[in-house]
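Have a look at model-v5.pdb; it's PDB, C-alpha atoms and all ligand atoms:
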```pdb
MODEL        1
ATOM      1  CA  MET A   1      16.707  67.559 -27.816  1.00  0.00           C
ATOM      2  CA  ARG A   2      13.617  66.788 -25.763  1.00  0.00           C
ATOM      3  CA  ARG A   3      11.179  63.928 -26.193  1.00  0.00           C
ATOM      4  CA  LYS A   4       7.578  64.688 -27.170  1.00  0.00           C
ATOM      5  CA  ASP A   5       6.417  63.007 -23.955  1.00  0.00           C
ATOM      6  CA  ALA A   6       7.192  60.063 -21.693  1.00  0.00           C
ATOM      7  CA  SER A   7       5.857  57.589 -24.270  1.00  0.00           C
ATOM      8  CA  VAL A   8       8.980  58.099 -26.357  1.00  0.00           C
ATOM      9  CA  ILE A   9      11.535  55.392 -25.568  1.00  0.00           C
ATOM     10  CA  LEU A  10      14.999  56.287 -26.840  1.00  0.00           C
ATOM     11  CA  ASP A  11      17.188  53.199 -26.158  1.00  0.00           C
ATOM     12  CA  LEU A  12      19.161  53.978 -29.311  1.00  0.00           C
ATOM     13  CA  THR A  13      22.335  52.257 -30.474  1.00  0.00           C
ATOM     14  CA  PRO A  14      25.599  54.174 -29.882  1.00  0.00           C
ATOM     15  CA  ASP A  15      25.692  55.175 -33.568  1.00  0.00           C
ATOM     16  CA  ALA A  16      22.095  56.384 -33.522  1.00  0.00           C
ATOM     17  CA  THR A  17      22.734  58.263 -30.260  1.00  0.00           C
ATOM     18  CA  GLU A  18      25.599  60.039 -31.986  1.00  0.00           C
ATOM     19  CA  GLY A  19      23.354  60.785 -34.956  1.00  0.00           C
ATOM     20  CA  LEU A  20      20.710  62.243 -32.667  1.00  0.00           C
ATOM     21  CA  ALA A  21      23.299  64.587 -31.157  1.00  0.00           C
ATOM     22  CA  ILE A  22      24.288  65.730 -34.659  1.00  0.00           C
ATOM     23  CA  ALA A  23      20.632  66.235 -35.591  1.00  0.00           C
ATOM     24  CA  ALA A  24      20.138  68.325 -32.468  1.00  0.00           C
ATOM     25  CA  THR A  25      22.960  70.666 -33.493  1.00  0.00           C
ATOM     26  CA  VAL A  26      21.400  71.034 -36.949  1.00  0.00           C
ATOM     27  CA  TYR A  27      18.027  72.009 -35.462  1.00  0.00           C
ATOM     28  CA  GLN A  28      19.800  74.431 -33.089  1.00  0.00           C
ATOM     29  CA  ARG A  29      21.611  76.044 -35.994  1.00  0.00           C
ATOM     30  CA  PHE A  30      18.211  76.967 -37.413  1.00  0.00           C
ATOM     31  CA  GLY A  31      17.085  78.281 -34.041  1.00  0.00           C
ATOM     32  CA  LEU A  32      14.739  75.361 -33.531  1.00  0.00           C
ATOM     33  CA  ALA A  33      14.104  73.423 -30.341  1.00  0.00           C
ATOM     34  CA  GLY A  34      13.830  69.960 -31.852  1.00  0.00           C
ATOM     35  CA  VAL A  35      11.412  67.362 -30.540  1.00  0.00           C
ATOM     36  CA  ILE A  36      11.833  63.586 -30.761  1.00  0.00           C
ATOM     37  CA  THR A  37       8.411  62.176 -31.567  1.00  0.00           C
ATOM     38  CA  SER A  38       9.354  58.492 -31.669  1.00  0.00           C
ATOM     39  CA  ALA A  39      12.358  56.216 -31.397  1.00  0.00           C
ATOM     40  CA  LYS A  40      12.182  52.627 -30.112  1.00  0.00           C
ATOM     41  CA  ASP A  41       8.490  53.031 -29.220  1.00  0.00           C
ATOM     42  CA  GLY A  42       5.296  53.127 -31.186  1.00  0.00           C
ATOM     43  CA  ARG A  43       4.167  51.320 -34.297  1.00  0.00           C
ATOM     44  CA  HIS A  44       6.334  51.276 -37.366  1.00  0.00           C
ATOM     45  CA  SER A  45       6.422  49.258 -40.545  1.00  0.00           C
ATOM     46  CA  THR A  46       7.571  45.646 -40.464  1.00  0.00           C
ATOM     47  CA  GLY A  47      11.343  45.443 -40.454  1.00  0.00           C
ATOM     48  CA  SER A  48      11.657  49.083 -39.442  1.00  0.00           C
ATOM     49  CA  LEU A  49      15.006  50.121 -37.998  1.00  0.00           C
ATOM     50  CA  HIS A  50      13.050  51.707 -35.128  1.00  0.00           C
ATOM     51  CA  TYR A  51      12.765  48.304 -33.462  1.00  0.00           C
ATOM     52  CA  SER A  52      16.541  47.881 -33.225  1.00  0.00           C
ATOM     53  CA  GLY A  53      17.191  51.397 -31.949  1.00  0.00           C
ATOM     54  CA  ASN A  54      18.673  52.534 -35.240  1.00  0.00           C
ATOM     55  CA  ALA A  55      16.020  55.108 -36.145  1.00  0.00           C
ATOM     56  CA  PHE A  56      14.276  58.100 -34.640  1.00  0.00           C
ATOM     57  CA  ASP A  57      11.625  60.587 -35.727  1.00  0.00           C
ATOM     58  CA  LEU A  58      11.863  64.355 -35.316  1.00  0.00           C
ATOM     59  CA  ARG A  59       9.008  66.860 -35.382  1.00  0.00           C
ATOM     60  CA  LEU A  60       8.928  68.783 -38.642  1.00  0.00           C
ATOM     61  CA  PRO A  61      11.067  71.932 -38.417  1.00  0.00           C
ATOM     62  CA  SER A  62       8.102  74.000 -39.644  1.00  0.00           C
ATOM     63  CA  ARG A  63       6.221  72.858 -36.537  1.00  0.00           C
ATOM     64  CA  CYS A  64       9.045  73.641 -34.117  1.00  0.00           C
ATOM     65  CA  MET A  65       8.898  77.344 -34.933  1.00  0.00           C
ATOM     66  CA  PRO A  66       7.657  79.740 -32.260  1.00  0.00           C
ATOM     67  CA  GLN A  67       5.417  81.646 -34.666  1.00  0.00           C
ATOM     68  CA  PRO A  68       2.223  80.162 -36.101  1.00  0.00           C
ATOM     69  CA  TRP A  69       2.733  77.567 -38.791  1.00  0.00           C
ATOM     70  CA  ASN A  70       2.209  78.668 -42.377  1.00  0.00           C
ATOM     71  CA  GLU A  71       2.683  77.002 -45.722  1.00  0.00           C
ATOM     72  CA  ARG A  72       5.806  78.957 -46.565  1.00  0.00           C
ATOM     73  CA  ALA A  73       7.439  77.474 -43.497  1.00  0.00           C
ATOM     74  CA  GLU A  74       7.399  74.129 -45.301  1.00  0.00           C
ATOM     75  CA  THR A  75      10.441  75.310 -47.231  1.00  0.00           C
ATOM     76  CA  LEU A  76      12.277  75.114 -43.937  1.00  0.00           C
ATOM     77  CA  ASP A  77      11.494  71.414 -43.730  1.00  0.00           C
ATOM     78  CA  TYR A  78      13.379  70.775 -46.958  1.00  0.00           C
ATOM     79  CA  VAL A  79      16.294  73.021 -45.983  1.00  0.00           C
ATOM     80  CA  VAL A  80      16.713  71.265 -42.629  1.00  0.00           C
ATOM     81  CA  GLN A  81      16.354  67.865 -44.308  1.00  0.00           C
ATOM     82  CA  GLU A  82      19.206  68.772 -46.670  1.00  0.00           C
ATOM     83  CA  ALA A  83      21.342  69.955 -43.747  1.00  0.00           C
ATOM     84  CA  LEU A  84      20.695  66.683 -41.894  1.00  0.00           C
ATOM     85  CA  ILE A  85      21.642  64.649 -44.979  1.00  0.00           C
ATOM     86  CA  HIS A  86      24.853  66.653 -45.283  1.00  0.00           C
ATOM     87  CA  GLU A  87      25.827  66.512 -41.613  1.00  0.00           C
ATOM     88  CA  LEU A  88      24.961  62.860 -41.010  1.00  0.00           C
ATOM     89  CA  GLY A  89      26.629  61.489 -44.119  1.00  0.00           C
ATOM     90  CA  ASP A  90      26.222  58.434 -46.322  1.00  0.00           C
ATOM     91  CA  ASP A  91      25.332  55.909 -43.637  1.00  0.00           C
ATOM     92  CA  TRP A  92      22.077  57.695 -42.881  1.00  0.00           C
ATOM     93  CA  ASP A  93      18.694  58.039 -44.531  1.00  0.00           C
ATOM     94  CA  VAL A  94      16.675  61.180 -43.824  1.00  0.00           C
ATOM     95  CA  VAL A  95      13.078  61.044 -45.045  1.00  0.00           C
ATOM     96  CA  LEU A  96      10.267  63.594 -44.839  1.00  0.00           C
ATOM     97  CA  GLU A  97       7.122  61.703 -43.877  1.00  0.00           C
ATOM     98  CA  LYS A  98       3.922  63.660 -44.392  1.00  0.00           C
ATOM     99  CA  HIS A  99       1.377  60.963 -45.132  1.00  0.00           C
ATOM    100  CA  GLN A 100      -0.243  60.858 -41.677  1.00  0.00           C
ATOM    101  CA  GLN A 101      -3.706  62.336 -41.262  1.00  0.00           C
ATOM    102  CA  SER A 102      -2.727  64.862 -38.604  1.00  0.00           C
ATOM    103  CA  PRO A 103       0.014  67.301 -39.601  1.00  0.00           C
ATOM    104  CA  TRP A 104       1.265  67.045 -36.021  1.00  0.00           C
ATOM    105  CA  ASP A 105       2.254  63.468 -36.836  1.00  0.00           C
ATOM    106  CA  TRP A 106       4.307  64.515 -39.852  1.00  0.00           C
ATOM    107  CA  HIS A 107       8.008  64.119 -39.126  1.00  0.00           C
ATOM    108  CA  ILE A 108      11.518  63.627 -40.372  1.00  0.00           C
ATOM    109  CA  HIS A 109      12.476  59.971 -40.133  1.00  0.00           C
ATOM    110  CA  VAL A 110      16.212  59.466 -39.542  1.00  0.00           C
ATOM    111  CA  GLU A 111      17.811  56.024 -39.713  1.00  0.00           C
ATOM    112  CA  ASN A 112      21.311  54.662 -39.504  1.00  0.00           C
ATOM    113  CA  GLN A 113      21.738  52.313 -42.438  1.00  0.00           C
ATOM    114  CA  PRO A 114      25.455  51.720 -43.086  1.00  0.00           C
ATOM    115  CA  LYS A 115      25.916  51.198 -46.808  1.00  0.00           C
ATOM    116  CA  GLY A 116      29.007  49.015 -46.205  1.00  0.00           C
TER     117      GLY A 116
HETATM  118 ZN    ZN A 201      10.491  56.762 -38.313  1.00  0.00          ZN
ENDMDL
END
```
Target encoding C-alpha cells, full file:
Amino acid sequence: MRRKDASVILDLTPDATEGLAIAATVYQRFGLAGVITSAKDGRHSTGSLHYSGNAFDLRLPSRCMPQPWNERAETLDYVVQEALIHELGDDWDVVLEKHQQSPWDWHIHVENQPKG
C-alpha cells in the first residue's frame, strides 16, 4: 500500500506493520489501491496511538475508486470497515472518521490496542 506522499512517516511497530499488510490485502480484495494518509506523522489527539507507531490512517475506500466518487459509494466504506474488523481481530480498533472539513481528509483510523 502506498503512502499519500513523503510527509507520511510509517515507523510502525511490528504488530502494526503486520496489521497494515492485512489491511492492504483487504483493500486489494475490493479492487482498491489503498493509500496510507498518516501514521507516525501529523497531528493527532493527545495520547493517540499514532505517536507510538501503533496506528495508521487509510484513505476512505469510496475515495480510492477509479470512477468518480458518489454518495452510494459510501456503502463501500462500511463494507470495507467490517472486513477490516473481521480480518484484524479483537486487538484492533477500526474507526471511520468523517468529521474533517475536507472529504479528502476523511479516513479509516486503524489502531492496535491489545485488549489483554
Ligand atoms: Zn488515525
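CA of Pro114 in chain A is positioned 23.6 Å from CA of Arg59 in chain A.
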Counting all atoms listed in the file, what are the residues, protein, DNA or RNA alike, that approach ligand ZN 201 (chain A) to within 8 Å? I want them as a PyMOL selection string.
chain A and resi 38-39+44+48+50+55-57+107-111
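Here CA of Pro66 in chain A stands at a distance of 14.7 Å from CA of Trp104 in chain A.
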The PyMOL selection byres (((chain A and resi 28) around 12) and not hetatm) resolved against shown file, as a short mmCIF file (atom, residue, chain, number, x, y, z; two decimals) with C-alpha atoms, in the frame of the given file:
```
data_model
loop_
_atom_site.label_atom_id
_atom_site.label_comp_id
_atom_site.auth_asym_id
_atom_site.auth_seq_id
_atom_site.Cartn_x
_atom_site.Cartn_y
_atom_site.Cartn_z
CA MET A 1 16.71 67.56 -27.82
CA ALA A 21 23.30 64.59 -31.16
CA ILE A 22 24.29 65.73 -34.66
CA ALA A 23 20.63 66.24 -35.59
CA ALA A 24 20.14 68.32 -32.47
CA THR A 25 22.96 70.67 -33.49
CA VAL A 26 21.40 71.03 -36.95
CA TYR A 27 18.03 72.01 -35.46
CA ARG A 29 21.61 76.04 -35.99
CA PHE A 30 18.21 76.97 -37.41
CA GLY A 31 17.08 78.28 -34.04
CA LEU A 32 14.74 75.36 -33.53
CA ALA A 33 14.10 73.42 -30.34
CA GLY A 34 13.83 69.96 -31.85
CA VAL A 35 11.41 67.36 -30.54
CA PRO A 61 11.07 71.93 -38.42
CA CYS A 64 9.04 73.64 -34.12
CA MET A 65 8.90 77.34 -34.93
CA VAL A 80 16.71 71.26 -42.63
CA ALA A 83 21.34 69.96 -43.75
CA LEU A 84 20.70 66.68 -41.89
#
```
Pairwise distance for CA of Leu58 in chain A and CA of Leu12 in chain A, rounded to one decimal in Å
14.0 Å
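For the file at hand, the PyMOL selection byres (((chain A and resi 91) around 6) and not hetatm) resolves to Gly89, Asp90, Trp92, Asn112, Gln113, Pro114 and Lys115 of chain A.
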Generate a file of the selected residues that holds C-alpha atoms, formatted as a CSV table (one decimal), in the frame of the given file.
```
chain,number,residue,atom,x,y,z
A,89,GLY,CA,26.6,61.5,-44.1
A,90,ASP,CA,26.2,58.4,-46.3
A,92,TRP,CA,22.1,57.7,-42.9
A,112,ASN,CA,21.3,54.7,-39.5
A,113,GLN,CA,21.7,52.3,-42.4
A,114,PRO,CA,25.5,51.7,-43.1
A,115,LYS,CA,25.9,51.2,-46.8
```
Centre and edges of the range 92-96 of chain A box, axis-aligned, 3 Å extra per side, as lines of an AutoDock Vina configuration file:
```
center_x = 16.2
center_y = 60.6
center_z = -44.0
size_x = 17.8
size_y = 11.9
size_z = 8.2
```
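Distance check against Asn70 in chain A using only C-alpha atoms: of A:Ser52, A:Lys98, A:Thr17, A:Pro103, the minimum falls on A:Pro103.
Across A:Asn54, A:Leu10, A:Trp106, A:Gly47, the tightest approach to Glu74 in chain A is made by A:Trp106 when counting only C-alpha atoms.
Nearest to Asp105 in chain A of all the residues A:Thr46, A:Pro14, A:Lys4, A:Ile85 is A:Lys4, based on all atoms listed in the file.
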